[in-house]
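K.L.:
My questions all concern the structure below.
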2 protein chains.
Amino acid sequence: MNADISRERENATFNVEKLTNILDGGIEKTKRRREIQSLVISDPDFQSEDLNFLSRSERYDAAVKKSAQMILKLRKYGISDPEEIYCYKSCVHRGRSEPLDLHLGMFLPTLLNQASPEQVDTFFIPAWNLEIIGTYAQTEMGHGTHLRGLETTATYDPATQEFVLNSPTVTSIKWWPGGLGKTSNHAIVLAQLHTQGKCHGLHAFIVPLRSMNTHIPLPGVVVGDIGPKFGFDEVDNGYLKLENVRIPRNNMLMKYAKVEADGTYVKPPSDKLTYGTMVFIRSMIVGEAGRALAKSCTIAIRYSAVRHQSEIRPGEPEPQILDYQTQQYKLFPLLATAYAYSFVGQYMNQVYHRITGDISQGDYSELPELHALSAGLKAFTTWTASAGIEVCRMACGGHGYSRCSALPDIYVNFVPTCTYEGENTVMMLQTARFLIKSYRQALAGHKLSGIVSYLNESEFRLQPQAVSSRPTVVNINDLQSLVEAYKLRAAKLVELAAKSIQQELQRRVSQEDAWNNSAIDLVRASDAHCHYVVVKLFASKLGEIKDTAVHSVLSTLALLYALQGITQHSGDFLQAGLLNAPQLTQVSQSLKELLAQLRPNAVALVDAFDYCDEMLNSVLGRYDGNVYEHMFEWARRSPLNKTEVHESYHKYLKPLQAKL
Amino acid sequence: MNADISRERENATFNVEKLTNILDGGIEKTKRRREIQSLVISDPDFQSEDLNFLSRSERYDAAVKKSAQMILKLRKYGISDPEEIYCYKSCVHRGRSEPLDLHLGMFLPTLLNQASPEQVDTFFIPAWNLEIIGTYAQTEMGHGTHLRGLETTATYDPATQEFVLNSPTVTSIKWWPGGLGKTSNHAIVLAQLHTQGKCHGLHAFIVPLRSMNTHIPLPGVVVGDIGPKFGFDEVDNGYLKLENVRIPRNNMLMKYAKVEADGTYVKPPSDKLTYGTMVFIRSMIVGEAGRALAKSCTIAIRYSAVRHQSEIRPGEPEPQILDYQTQQYKLFPLLATAYAYSFVGQYMNQVYHRITGDISQGDYSELPELHALSAGLKAFTTWTASAGIEVCRMACGGHGYSRCSALPDIYVNFVPTCTYEGENTVMMLQTARFLIKSYRQALAGHKLSGIVSYLNESEFRLQPQAVSSRPTVVNINDLQSLVEAYKLRAAKLVELAAKSIQQELQRRVSQEDAWNNSAIDLVRASDAHCHYVVVKLFASKLGEIKDTAVHSVLSTLALLYALQGITQHSGDFLQAGLLNAPQLTQVSQSLKELLAQLRPNAVALVDAFDYCDEMLNSVLGRYDGNVYEHMFEWARRSPLNKTEVHESYHKYLKPLQAKL
């Protein structure tokens with residue numbers, strides 16, 4: 001064990017294990033997570049060469065191998081709780097996506113949720129036994145987030161009682177679905193349903209893609225891998241072009257909407273049925289943002305504790321780089337953010353499960369708010385976390401750029417969350433739509449409840465005078481007071497966006513153009529709303545913490561999180577008259593003091609995330625801090641070192657020398 | 001040609017070719033650049049498979065092949081002007097780094113600058129003819145930017161008149177030098193010189209690494225590739241461990257410092273001699289930041305002109321995504337930044353060449369200012385450009401994540417500039433040191449000249465009252481007035497940082513701790529200083545533009561750049577009393593108007609960067625806008641599609657099915 005990092009751990013003021021339990025959601029959960037982890041880590045079937053040393057095709061191959069093993073072992077161990085499956089899968093694939101993700105996470109659940117009972121009988125068991133390997137083919141080359149624009153067609157032919165599927169344009173080719181390129185032999189295809197000369201919009205169809213015997217693509221099916229990406233090397237994201245592919249009528253998922261034998265279309269009872277899944281996945285992503293940042297902070301902070309560089313005081317030994325204020329300023333606010341997002345993720349998960357009960361009772365009343373919240377928070381957290389991972393990486397200097405740091409991988413595997421499951425800017429605008437609607441309801445005298453209640457007349461407009469002339473009452477050292485300030489900032493920016501729309505309308509542009517011409521303000525309002533929610537949830541989490549020492553260090557983190565947000569958006573707070581210029585100077589001073597206060601607990605705070613070395617897979621983030629020896633050892637194993645002299649020397653350099 | 005993009009070009013209000021000439025520095029330069037480009041593009045020896053489809057080893061192999069060809073062709077065509085060599089090389093390697101970069105860019109120049117005339121006679125011709133392939137080995141595993149910490153030793157042995165080179169610790173292993181792993185047979189090694197029992201600090205030594213005949217590493221030389229990285233796949237960044245490697249006395253570069261036969265050390269006449277190279281490289285990086293952003297904007301803006309998505313007005317066709325205000329707000333400020341940095345790059349290049357004349361006359365007077373400026377601007381521009389590339393990538397939605405967009409490559413190849421040639425935070429602090437020193441000189445009544453003259457008493461403290469009570473006079477629609485505002489913001493933040501140091505000193509901490517405890521403020525001051533310089537240089541560039549239409553569109557860009565910076569740092573401007581809250585609302589409104597104004601010229605503005613398709617190598621950024629067909633065609637060529645059924649099916653999935 002490296003002496004620096006040991007000393008860091010000795011100096012911590014709180015019990016790391018207690019904080020780990022809080023993050024896991026209880027002592028039992030920590031225990032179970034560790035059990036599952038060691039099942040995987042000690043399993044020789046899951047050992048492999050460092051993926052960084054493999055080609056794309058080898059990485060895909062290794063992932064299929066592990067996924068196949070994983071299916072067998074999950075059944076062998078009887079792991080069936082979704083959270084435990086998720087945990088096991090994360091360990092097997094070290095947090096990476098894998099070729100069977102969509103089979104397990106979308107194909108099977110969609111069957112269960114949208115297939116009629118007879119269809120479940122037909123398809124579920126083969127799919128459960130991996131005879132049918134399926135994916136979920138929604139996105140097309142030309143359309144992603146805007147689902148109504150999808151172009152694939154499924155035209156019903158009553159003569160044969162079949163649907164005929166087609167990709168009528170280049171842009172209609174299905175593009176991106178995971179596992180589509182090489183792994184799956186079936187897909188649930190989203191297509192515009194045409195019957196009796198009429199289009200009834202998007203519906204889901206089970207389409208066989210490859211022979212269940214030979215795995216060769218079926219006639220009319222043009223399918224393959226979409227090629228190398230920034231990351232996701234293990235996943236065969238695919239394309240699918242359908243050329244008059246005929247499937248039986250029974251292959252349309254008919255739990256809700258139906259097409260009868262003669263082609264008569266029967267409408268589904270509600271169109272809100274798919275909302276739940278979207279909300280669930282976006283909520284999961286919020287937690288994922290916390291985890292991605294937690295991993296990155298673990299690596300960067302541990303490394304900063306063992307890396308010595310330059311000098312603060314001449315003649316003294318080189319300090320740990322964690323002693324530089326600039327390094328603390330890069331990493332500690334991100335550490336606070338990782339905690340904030342972890343707690344927000346927990347909260348979203350709880351709310352989702354609570355509301356799911358209501359939904360199954362047919363009560364959709366809370367769904368719009370949750371939908372709006374999950375959309376905005378997904379965007380808010382993924383943007384910040386993505387940028388934060390890169391800050392962590394660069395805080396490790398040159399070595400952060402090496403694949404041995406694991407940080408490049410964390411980045412490329414996390415950053416697509418900004419785009420998938422709803423492009424972030426579109427998500428922000430969805431939340432804004434809810435905020436503006438709520439604001440207008442409040443203006444009209446309607447009493448708002450829930451998270452947007454701050455837009456109520458009574459709360460927001462108690463003071464008739466302009467906000468900027470209101471006396472400043474924010475206490476910058478009091479978290480509750482800061483929550484209030486964030487709330488008023490959000491209210492102010494929602495009002496500003498609403499006024500921008502109003503002004504546009506007064507210039508006689510259409511509603512739609514007024515919306516688009518105010519989009520910058522709308523995104524800003526959503527961002528402020530989400531920021532308020534995160535600060536508020538972090539603050540209320542503190543109320544649940546019993547242990548004094550843990551409470552103390554988390555309070556410091558929460559305050560740091562809130563003050564850091566204020567310095568980043570100081571213009572908003574000043575403009576709204578929520579803070580004045582001298583207070584802003586105090587905020588800067590307080591921030592510096594909080595950094596110094598956190599310094600002794602930094603390593604313990606990342607230890608509490610409890611990522612074992614096998615999961616982190618980072619030379620820089622090793623628990624024992626023995627970075628340099630292992631970096632050298634890792635490099636020596638790299639493929640270019642398999643031979644002392646690379647063949648290019650004989651092929652090009654030697655002949656070149658002869659010619660000069 | 002795609003109809004959308006044709007229409008964009010028809011609607012432009014200025015002559016694209018004229019703007020291209022301005023960016024190139026004249027009509028003749030544009031012509032010559034295009035000549036060189038077509039030499040490369042039409043050359044069958046430089047064709048290769050898409051690098052994205054190759055393994056790391058294949059990419060290295062392909063790069064060595066091209067580099068060898070390049071050496072032959074440069075000589076064949078007699079291209080010898082450094083700028084033209086740079087242009088040719090960029091075309092051959094499509095802007096990527098390559099294995100011989102350090103041989104050409106560091107080894108040969110260092111020989112010429114630091115070797116004695118006799119040494120030049122010995123080493124230069126073999127190096128010129130690639131018998132000696134060299135690299136420059138400075139960075140070690142444990143030390144990068146902080147050069148004094150390097151640990152490699154070169155101990156003089158008068159008995160044999162040799163130096164004995166050693167890597168005494170793990171951290172002293174040379175790490176990162178390009179071309180070191182596999183390509184080079186020599187290195188200029190930076191090592192602590194020990195002679196007659198005394199250490200004389202870092203000196204440069206020519207160390208043979210591999211047999212010039214067999215290319216096998218020499219005894220005592222442990223050399224290899226450091227393994228896969230985020231990018232730079234073509235470069236064999238290497239490690240080097242030296243174990244009692246003996247080299248003749250004459251292998252120390254002795255133009256300035258010397259070790260005589262008996263071991264007597266002779267000091268160099270000045271220690272500022274290596275400043276010039278650092279300044280030059282950092283200045284180059286500023287231009288590179290402009291180019292990286294220019295490429296990224298070209299791709300994202302062209303794609304946004306052909307991509308249609310969602311709806312603004314119901315019932316109307318899907319709009320080009322470039323019509324969304326949020327898309328404009330992402331891309332147009334970055335477009336403005338790309339222009340800004342291109343002009344700053346031109347300026348830095350001119351200043352460097354002017355000062356080089358002075359330096360060769362022994363006049364170092366302007367060097368400290370240029371050194372400080374190049375350090376800060378390198379950090380300022382590379383941070384912004386790196387983040388900007390990712391904004392461009394994500395503005396392309398999912399397709400930006402595909403390697404076919406080229407954006408992932410642009411990012412991973414550019415982002416190391418934040419770390420190499422001086423880590424950015426350290427660079428910002430170097431600039432801050434100069435600013436604080438200047439500020440103190442001004443306080444002491446010394447009259448400052450040059451770029452920091454704004455810190456003079458007379459300029460800065462004309463008004464004895466507090467800055468915040470000064471009447472606001474900024475005209476937000478006037479660029480010169482905004483330059484003034486940026487200047488006063490910089491002055492204010494330099495003052496704030498100086499005061500922070502002062503306060504720390506009053507708390508009786510040491511100078512060094514006071515500095516570290518004010519580091520956040522110091523970086524902020526440097527950032528504001530650099531921002532001011534960029535706005536100022538952009539504004540003064542406008543004065544050189546004769547063509548009215550070009551002048552008009554560049555003025556709009558410059559204003560957008562300045563106002564966008566104000567909204568991003570609105571807190572600073574409010575806090576310093578340079579703007580008031582209502583003005584800030586006007587700034588937001590103005591920004592939106594500028595976006596709308598730029599919209600018709602967006603495609604023409606990226607066309608003016610004049611990146612041909614072969615150089616961009618981006619399916620999304622194609623000049624003809626025919627994106628989707630080519631994306632499909634590209635994907636079909638990808639390696640995973642070489643067989644219809646991937647072998648992993650037979651190895652793992654089929655057996656799995658049998659077991660379930």
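Note on naming: chains are A, B, ... as they come in the structure tokens, residues start from 1 per chain, ligands start from 1 in the order shown.
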Give me, as a VMD selection string, all polymer residues having an atom no more than 10 Å from Leu455 of chain A, counting only C-alpha atoms and skipping those fewer than 5 positions away in the same chain.

P.N.:
chain A and resid 435 to 436 438 to 443 447 to 449 460 to 461 487 to 488 490 to 492 494 to 495

K.L.:
List as a PyMOL selection string the protein and nucleic acid residues near segment 293-309 of chain A, meaning an atom at most 7 Å away when only C-alpha atoms are counted, but skip any in the same chain fewer than 5 places from it.

P.N.:
(chain A and resi 4-5+318-322+331+335+338+385+388-389+392-393+395-396+407+603+606+609+616+620-621+625) or (chain B and resi 143+146)

K.L.:
Go ahead and save the picked residues with N, CA, C and O atoms, as a short mmCIF file (atom, residue, chain, number, x, y, z; two decimals), in the first residue's frame.

P.N.:
```
data_model
loop_
_atom_site.label_atom_id
_atom_site.label_comp_id
_atom_site.auth_asym_id
_atom_site.auth_seq_id
_atom_site.Cartn_x
_atom_site.Cartn_y
_atom_site.Cartn_z
N ASP A 4 1.27 7.44 0.99
CA ASP A 4 0.42 8.64 0.91
C ASP A 4 -1.04 8.29 1.08
O ASP A 4 -1.78 8.96 1.80
N ILE A 5 -1.45 7.26 0.35
CA ILE A 5 -2.88 6.97 0.33
C ILE A 5 -3.32 6.33 1.66
O ILE A 5 -4.44 6.56 2.12
N GLU A 318 8.20 17.69 -3.27
CA GLU A 318 7.07 17.98 -4.15
C GLU A 318 5.77 17.57 -3.47
O GLU A 318 5.65 16.45 -2.97
N PRO A 319 4.78 18.45 -3.46
CA PRO A 319 3.52 18.12 -2.78
C PRO A 319 2.65 17.15 -3.59
O PRO A 319 2.81 17.04 -4.80
N GLN A 320 1.75 16.47 -2.89
CA GLN A 320 0.70 15.73 -3.58
C GLN A 320 -0.10 16.73 -4.41
O GLN A 320 -0.39 17.83 -3.92
N ILE A 321 -0.47 16.37 -5.62
CA ILE A 321 -1.15 17.39 -6.44
C ILE A 321 -2.53 17.72 -5.89
O ILE A 321 -3.09 18.75 -6.22
N LEU A 322 -3.04 16.89 -5.00
CA LEU A 322 -4.32 17.19 -4.36
C LEU A 322 -4.21 18.40 -3.43
O LEU A 322 -5.23 18.95 -3.00
N LEU A 331 -11.78 19.02 -8.81
CA LEU A 331 -12.31 17.70 -8.43
C LEU A 331 -13.38 17.71 -7.36
O LEU A 331 -14.33 16.92 -7.42
N LEU A 335 -16.96 15.81 -7.15
CA LEU A 335 -17.24 14.81 -6.12
C LEU A 335 -18.59 15.10 -5.48
O LEU A 335 -19.43 14.20 -5.29
N ALA A 338 -21.26 14.11 -7.86
CA ALA A 338 -21.46 12.66 -7.91
C ALA A 338 -22.39 12.23 -6.78
O ALA A 338 -23.30 11.42 -6.98
N ALA A 385 -22.28 15.49 -16.10
CA ALA A 385 -21.41 14.35 -15.83
C ALA A 385 -20.43 14.13 -16.97
O ALA A 385 -19.25 13.86 -16.74
N GLY A 388 -17.80 16.56 -16.75
CA GLY A 388 -17.05 16.29 -15.53
C GLY A 388 -16.07 15.14 -15.68
O GLY A 388 -14.96 15.19 -15.14
N ILE A 389 -16.46 14.11 -16.40
CA ILE A 389 -15.55 12.98 -16.62
C ILE A 389 -14.28 13.47 -17.32
O ILE A 389 -13.17 13.11 -16.95
N CYS A 392 -12.07 15.29 -14.93
CA CYS A 392 -11.32 14.31 -14.12
C CYS A 392 -10.15 13.75 -14.93
O CYS A 392 -9.04 13.59 -14.43
N ARG A 393 -10.43 13.41 -16.18
CA ARG A 393 -9.39 12.81 -17.02
C ARG A 393 -8.22 13.77 -17.18
O ARG A 393 -7.06 13.40 -16.98
N ALA A 395 -7.46 16.21 -15.31
CA ALA A 395 -6.83 16.47 -14.01
C ALA A 395 -5.77 15.42 -13.70
O ALA A 395 -4.97 15.61 -12.78
N CYS A 396 -5.77 14.33 -14.45
CA CYS A 396 -4.72 13.31 -14.29
C CYS A 396 -3.55 13.56 -15.24
O CYS A 396 -2.68 12.70 -15.38
N LEU A 407 -10.30 6.26 -17.90
CA LEU A 407 -11.16 7.44 -18.06
C LEU A 407 -11.65 7.65 -19.49
O LEU A 407 -12.81 8.03 -19.69
N VAL A 603 -10.16 11.32 -0.15
CA VAL A 603 -9.95 9.91 -0.52
C VAL A 603 -11.02 9.03 0.12
O VAL A 603 -11.56 8.13 -0.54
N VAL A 606 -14.25 9.09 -1.83
CA VAL A 606 -14.33 8.25 -3.04
C VAL A 606 -14.27 6.77 -2.68
O VAL A 606 -14.91 5.95 -3.33
N PHE A 609 -17.63 5.11 -2.38
CA PHE A 609 -18.35 4.63 -3.57
C PHE A 609 -18.14 3.12 -3.75
O PHE A 609 -18.88 2.46 -4.46
N LEU A 616 -13.20 -0.97 -11.48
CA LEU A 616 -12.66 0.29 -12.01
C LEU A 616 -11.76 0.03 -13.21
O LEU A 616 -11.78 0.77 -14.18
N LEU A 620 -4.57 4.12 -12.66
CA LEU A 620 -4.44 5.35 -11.85
C LEU A 620 -5.31 5.31 -10.60
O LEU A 620 -5.01 5.96 -9.61
N GLY A 621 -6.41 4.57 -10.68
CA GLY A 621 -7.37 4.59 -9.58
C GLY A 621 -7.23 3.43 -8.61
O GLY A 621 -8.12 3.23 -7.77
N GLY A 625 -2.83 2.47 -4.57
CA GLY A 625 -2.05 3.64 -4.96
C GLY A 625 -0.73 3.34 -5.66
O GLY A 625 0.02 4.26 -5.97
N HIS B 143 7.13 12.96 -14.19
CA HIS B 143 7.20 14.41 -14.37
C HIS B 143 6.95 14.83 -15.79
O HIS B 143 7.54 14.28 -16.72
N HIS B 146 6.61 20.03 -15.05
CA HIS B 146 7.62 20.49 -14.09
C HIS B 146 8.98 19.87 -14.43
O HIS B 146 9.38 18.83 -13.89
#
```

K.L.:
Please determine, counting only C-alpha atoms, which residue among B:Arg282, B:Lys255, B:His399, B:Lys267 has the shortest atom-to-atom distance to chain A.

P.N.:
B:His399

K.L.:
Write out as a list in words which residues come within 7 Å of segment 39-42 of chain B when counting only C-alpha atoms, dropping same-chain ones fewer than 3 positions away.

P.N.:
Glu35, Ile36, Phe46, Cys91 and Val92 of chain B

K.L.:
Can you list every residue in segment 233-367 of chain B that DSSP puts in strand (DSSP E), as a VMD selection string?

P.N.:
chain B and resid 238 to 242 245 to 248 258 to 259 265 to 266

K.L.:
Could the residues in this selection be saved with N, CA, C and O atoms as a PDB file, in the first residue's frame?

P.N.:
```pdb
ATOM      1  N   GLY B 238       6.274   6.203 -26.611  1.00  0.00           N
ATOM      2  CA  GLY B 238       7.065   5.119 -26.065  1.00  0.00           C
ATOM      3  C   GLY B 238       7.563   5.316 -24.654  1.00  0.00           C
ATOM      4  O   GLY B 238       7.419   6.391 -24.065  1.00  0.00           O
ATOM      5  N   TYR B 239       8.092   4.229 -24.115  1.00  0.00           N
ATOM      6  CA  TYR B 239       8.814   4.302 -22.845  1.00  0.00           C
ATOM      7  C   TYR B 239      10.271   3.958 -23.089  1.00  0.00           C
ATOM      8  O   TYR B 239      10.613   3.291 -24.066  1.00  0.00           O
ATOM      9  N   LEU B 240      11.116   4.432 -22.180  1.00  0.00           N
ATOM     10  CA  LEU B 240      12.552   4.179 -22.310  1.00  0.00           C
ATOM     11  C   LEU B 240      13.157   4.116 -20.921  1.00  0.00           C
ATOM     12  O   LEU B 240      13.100   5.085 -20.171  1.00  0.00           O
ATOM     13  N   LYS B 241      13.710   2.937 -20.624  1.00  0.00           N
ATOM     14  CA  LYS B 241      14.391   2.746 -19.349  1.00  0.00           C
ATOM     15  C   LYS B 241      15.862   2.522 -19.689  1.00  0.00           C
ATOM     16  O   LYS B 241      16.196   1.638 -20.490  1.00  0.00           O
ATOM     17  N   LEU B 242      16.718   3.336 -19.096  1.00  0.00           N
ATOM     18  CA  LEU B 242      18.148   3.259 -19.413  1.00  0.00           C
ATOM     19  C   LEU B 242      18.893   2.617 -18.252  1.00  0.00           C
ATOM     20  O   LEU B 242      18.755   3.059 -17.104  1.00  0.00           O
ATOM     21  N   VAL B 245      23.656   2.888 -19.651  1.00  0.00           N
ATOM     22  CA  VAL B 245      23.941   3.031 -21.087  1.00  0.00           C
ATOM     23  C   VAL B 245      25.052   4.057 -21.261  1.00  0.00           C
ATOM     24  O   VAL B 245      24.942   5.191 -20.798  1.00  0.00           O
ATOM     25  N   ARG B 246      26.112   3.650 -21.903  1.00  0.00           N
ATOM     26  CA  ARG B 246      27.277   4.530 -22.066  1.00  0.00           C
ATOM     27  C   ARG B 246      27.278   5.161 -23.454  1.00  0.00           C
ATOM     28  O   ARG B 246      27.069   4.483 -24.450  1.00  0.00           O
ATOM     29  N   ILE B 247      27.494   6.482 -23.479  1.00  0.00           N
ATOM     30  CA  ILE B 247      27.601   7.180 -24.762  1.00  0.00           C
ATOM     31  C   ILE B 247      28.854   8.044 -24.716  1.00  0.00           C
ATOM     32  O   ILE B 247      29.289   8.482 -23.653  1.00  0.00           O
ATOM     33  N   PRO B 248      29.458   8.303 -25.875  1.00  0.00           N
ATOM     34  CA  PRO B 248      30.686   9.104 -25.902  1.00  0.00           C
ATOM     35  C   PRO B 248      30.418  10.539 -25.427  1.00  0.00           C
ATOM     36  O   PRO B 248      29.289  11.027 -25.545  1.00  0.00           O
ATOM     37  N   LYS B 258      28.995  22.870 -21.923  1.00  0.00           N
ATOM     38  CA  LYS B 258      29.990  21.876 -22.355  1.00  0.00           C
ATOM     39  C   LYS B 258      30.483  21.078 -21.154  1.00  0.00           C
ATOM     40  O   LYS B 258      30.486  21.566 -20.033  1.00  0.00           O
ATOM     41  N   VAL B 259      30.919  19.862 -21.420  1.00  0.00           N
ATOM     42  CA  VAL B 259      31.718  19.129 -20.448  1.00  0.00           C
ATOM     43  C   VAL B 259      33.044  18.799 -21.128  1.00  0.00           C
ATOM     44  O   VAL B 259      33.064  18.183 -22.203  1.00  0.00           O
ATOM     45  N   TYR B 265      32.866  21.372 -16.141  1.00  0.00           N
ATOM     46  CA  TYR B 265      31.607  21.829 -16.721  1.00  0.00           C
ATOM     47  C   TYR B 265      31.716  23.292 -17.120  1.00  0.00           C
ATOM     48  O   TYR B 265      32.212  24.119 -16.350  1.00  0.00           O
ATOM     49  N   VAL B 266      31.257  23.611 -18.330  1.00  0.00           N
ATOM     50  CA  VAL B 266      31.249  24.997 -18.796  1.00  0.00           C
ATOM     51  C   VAL B 266      29.799  25.441 -18.992  1.00  0.00           C
ATOM     52  O   VAL B 266      29.054  24.824 -19.760  1.00  0.00           O
TER      53      VAL B 266
END
```

K.L.:
For the atom pair atom CA of Gln119 of chain A and atom CA of Ala137 of chain A, what is the interatomic distance in Å to one decimal place?

P.N.:
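A separation of 18.8 Å between them.
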
K.L.:
Work out how far apart atom CA of Lys89 of chain B and atom CA of Glu17 of chain B are and give it in Å to one decimal.

P.N.:
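Between atom CA of Lys89 of chain B and atom CA of Glu17 of chain B the gap works out to 23.9 Å.
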
K.L.:
Might you pull out every residue within 12 Å of Gln350 of chain B, with only C-alpha atoms counted and same-chain residues fewer than 4 positions away left off, and present them as a compact mmCIF listing (two decimals) with all heavy atoms, in the first residue's frame?

P.N.:
```txt
# COMPACT_ATOMS: atom_id res chain seq x y z
N GLY B 25 -4.14 34.04 -45.69
CA GLY B 25 -3.13 35.09 -45.67
C GLY B 25 -2.78 35.59 -47.06
O GLY B 25 -1.66 36.06 -47.28
N PHE B 280 7.02 29.31 -29.76
CA PHE B 280 6.62 28.98 -31.13
C PHE B 280 5.57 27.87 -31.15
O PHE B 280 4.53 27.99 -31.78
CB PHE B 280 7.85 28.57 -31.94
CG PHE B 280 7.49 28.15 -33.34
CD1 PHE B 280 7.01 29.08 -34.26
CD2 PHE B 280 7.62 26.83 -33.73
CE1 PHE B 280 6.67 28.68 -35.54
CE2 PHE B 280 7.27 26.43 -35.02
CZ PHE B 280 6.80 27.36 -35.93
N SER B 283 2.23 28.96 -29.79
CA SER B 283 1.55 29.82 -30.75
C SER B 283 0.90 28.98 -31.84
O SER B 283 -0.22 29.26 -32.28
CB SER B 283 2.53 30.79 -31.40
OG SER B 283 3.21 31.51 -30.42
N MET B 284 1.63 27.97 -32.29
CA MET B 284 1.09 27.07 -33.31
C MET B 284 -0.19 26.41 -32.80
O MET B 284 -1.15 26.22 -33.56
CB MET B 284 2.09 25.95 -33.62
CG MET B 284 3.31 26.37 -34.37
SD MET B 284 2.95 26.54 -36.11
CE MET B 284 2.72 24.80 -36.56
N GLY B 287 -3.36 28.41 -33.27
CA GLY B 287 -3.90 28.28 -34.62
C GLY B 287 -4.58 26.94 -34.81
O GLY B 287 -5.64 26.82 -35.45
N PHE B 343 -7.66 34.01 -36.38
CA PHE B 343 -7.01 35.32 -36.47
C PHE B 343 -5.96 35.50 -35.37
O PHE B 343 -4.91 36.08 -35.60
CB PHE B 343 -8.05 36.44 -36.42
CG PHE B 343 -9.00 36.42 -37.61
CD1 PHE B 343 -10.34 36.72 -37.46
CD2 PHE B 343 -8.53 36.08 -38.88
CE1 PHE B 343 -11.21 36.69 -38.55
CE2 PHE B 343 -9.40 36.04 -39.98
CZ PHE B 343 -10.74 36.34 -39.81
N VAL B 344 -6.26 35.00 -34.18
CA VAL B 344 -5.28 35.09 -33.09
C VAL B 344 -4.04 34.27 -33.46
O VAL B 344 -2.90 34.70 -33.23
CB VAL B 344 -5.88 34.61 -31.75
CG1 VAL B 344 -4.81 34.58 -30.66
CG2 VAL B 344 -7.02 35.51 -31.32
N GLY B 345 -4.27 33.11 -34.07
CA GLY B 345 -3.16 32.27 -34.52
C GLY B 345 -2.28 33.01 -35.52
O GLY B 345 -1.05 33.00 -35.41
N GLN B 346 -2.91 33.69 -36.48
CA GLN B 346 -2.15 34.49 -37.45
C GLN B 346 -1.32 35.55 -36.74
O GLN B 346 -0.14 35.75 -37.04
CB GLN B 346 -3.11 35.20 -38.42
CG GLN B 346 -3.75 34.31 -39.46
CD GLN B 346 -4.68 35.10 -40.39
OE1 GLN B 346 -5.00 36.26 -40.13
NE2 GLN B 346 -5.10 34.46 -41.47
N ARG B 354 8.40 38.28 -35.89
CA ARG B 354 9.01 39.60 -35.66
C ARG B 354 10.02 39.53 -34.51
O ARG B 354 11.16 39.96 -34.64
CB ARG B 354 7.90 40.61 -35.33
CG ARG B 354 8.41 42.01 -35.06
CD ARG B 354 7.28 43.04 -35.00
NE ARG B 354 6.23 42.76 -34.03
CZ ARG B 354 6.38 42.89 -32.71
NH1 ARG B 354 7.52 43.26 -32.21
NH2 ARG B 354 5.36 42.61 -31.91
N ILE B 355 9.60 38.87 -33.41
CA ILE B 355 10.46 38.83 -32.23
C ILE B 355 11.68 37.94 -32.47
O ILE B 355 12.76 38.19 -31.93
CB ILE B 355 9.65 38.38 -30.99
CG1 ILE B 355 8.63 39.46 -30.64
CG2 ILE B 355 10.56 38.11 -29.81
CD1 ILE B 355 7.93 39.25 -29.32
N THR B 356 11.50 36.90 -33.28
CA THR B 356 12.64 36.03 -33.57
C THR B 356 13.81 36.83 -34.10
O THR B 356 14.96 36.59 -33.76
CB THR B 356 12.26 34.94 -34.60
OG1 THR B 356 11.02 34.38 -34.22
CG2 THR B 356 13.30 33.84 -34.65
N GLY B 357 13.48 37.81 -34.95
CA GLY B 357 14.53 38.70 -35.46
C GLY B 357 15.25 39.38 -34.31
O GLY B 357 16.48 39.36 -34.22
N LEU B 370 5.58 37.84 -24.53
CA LEU B 370 5.13 36.86 -25.51
C LEU B 370 5.01 35.48 -24.88
O LEU B 370 4.07 34.73 -25.15
CB LEU B 370 6.08 36.83 -26.71
CG LEU B 370 5.60 35.96 -27.86
CD1 LEU B 370 4.27 36.46 -28.41
CD2 LEU B 370 6.64 35.91 -28.98
```

K.L.:
Excluding same-chain residues fewer than 2 positions from Ala63 of chain A, what lies within 9 Å of it counting only C-alpha atoms, as a PyMOL selection string?

P.N.:
chain A and resi 58-61+65-68+93+98-99+234-235

K.L.:
Calculate how many Å separate atom CA of Cys87 of chain B from atom CA of Arg33 of chain B, rounding to one decimal.

P.N.:
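So the answer is 7.0 Å.
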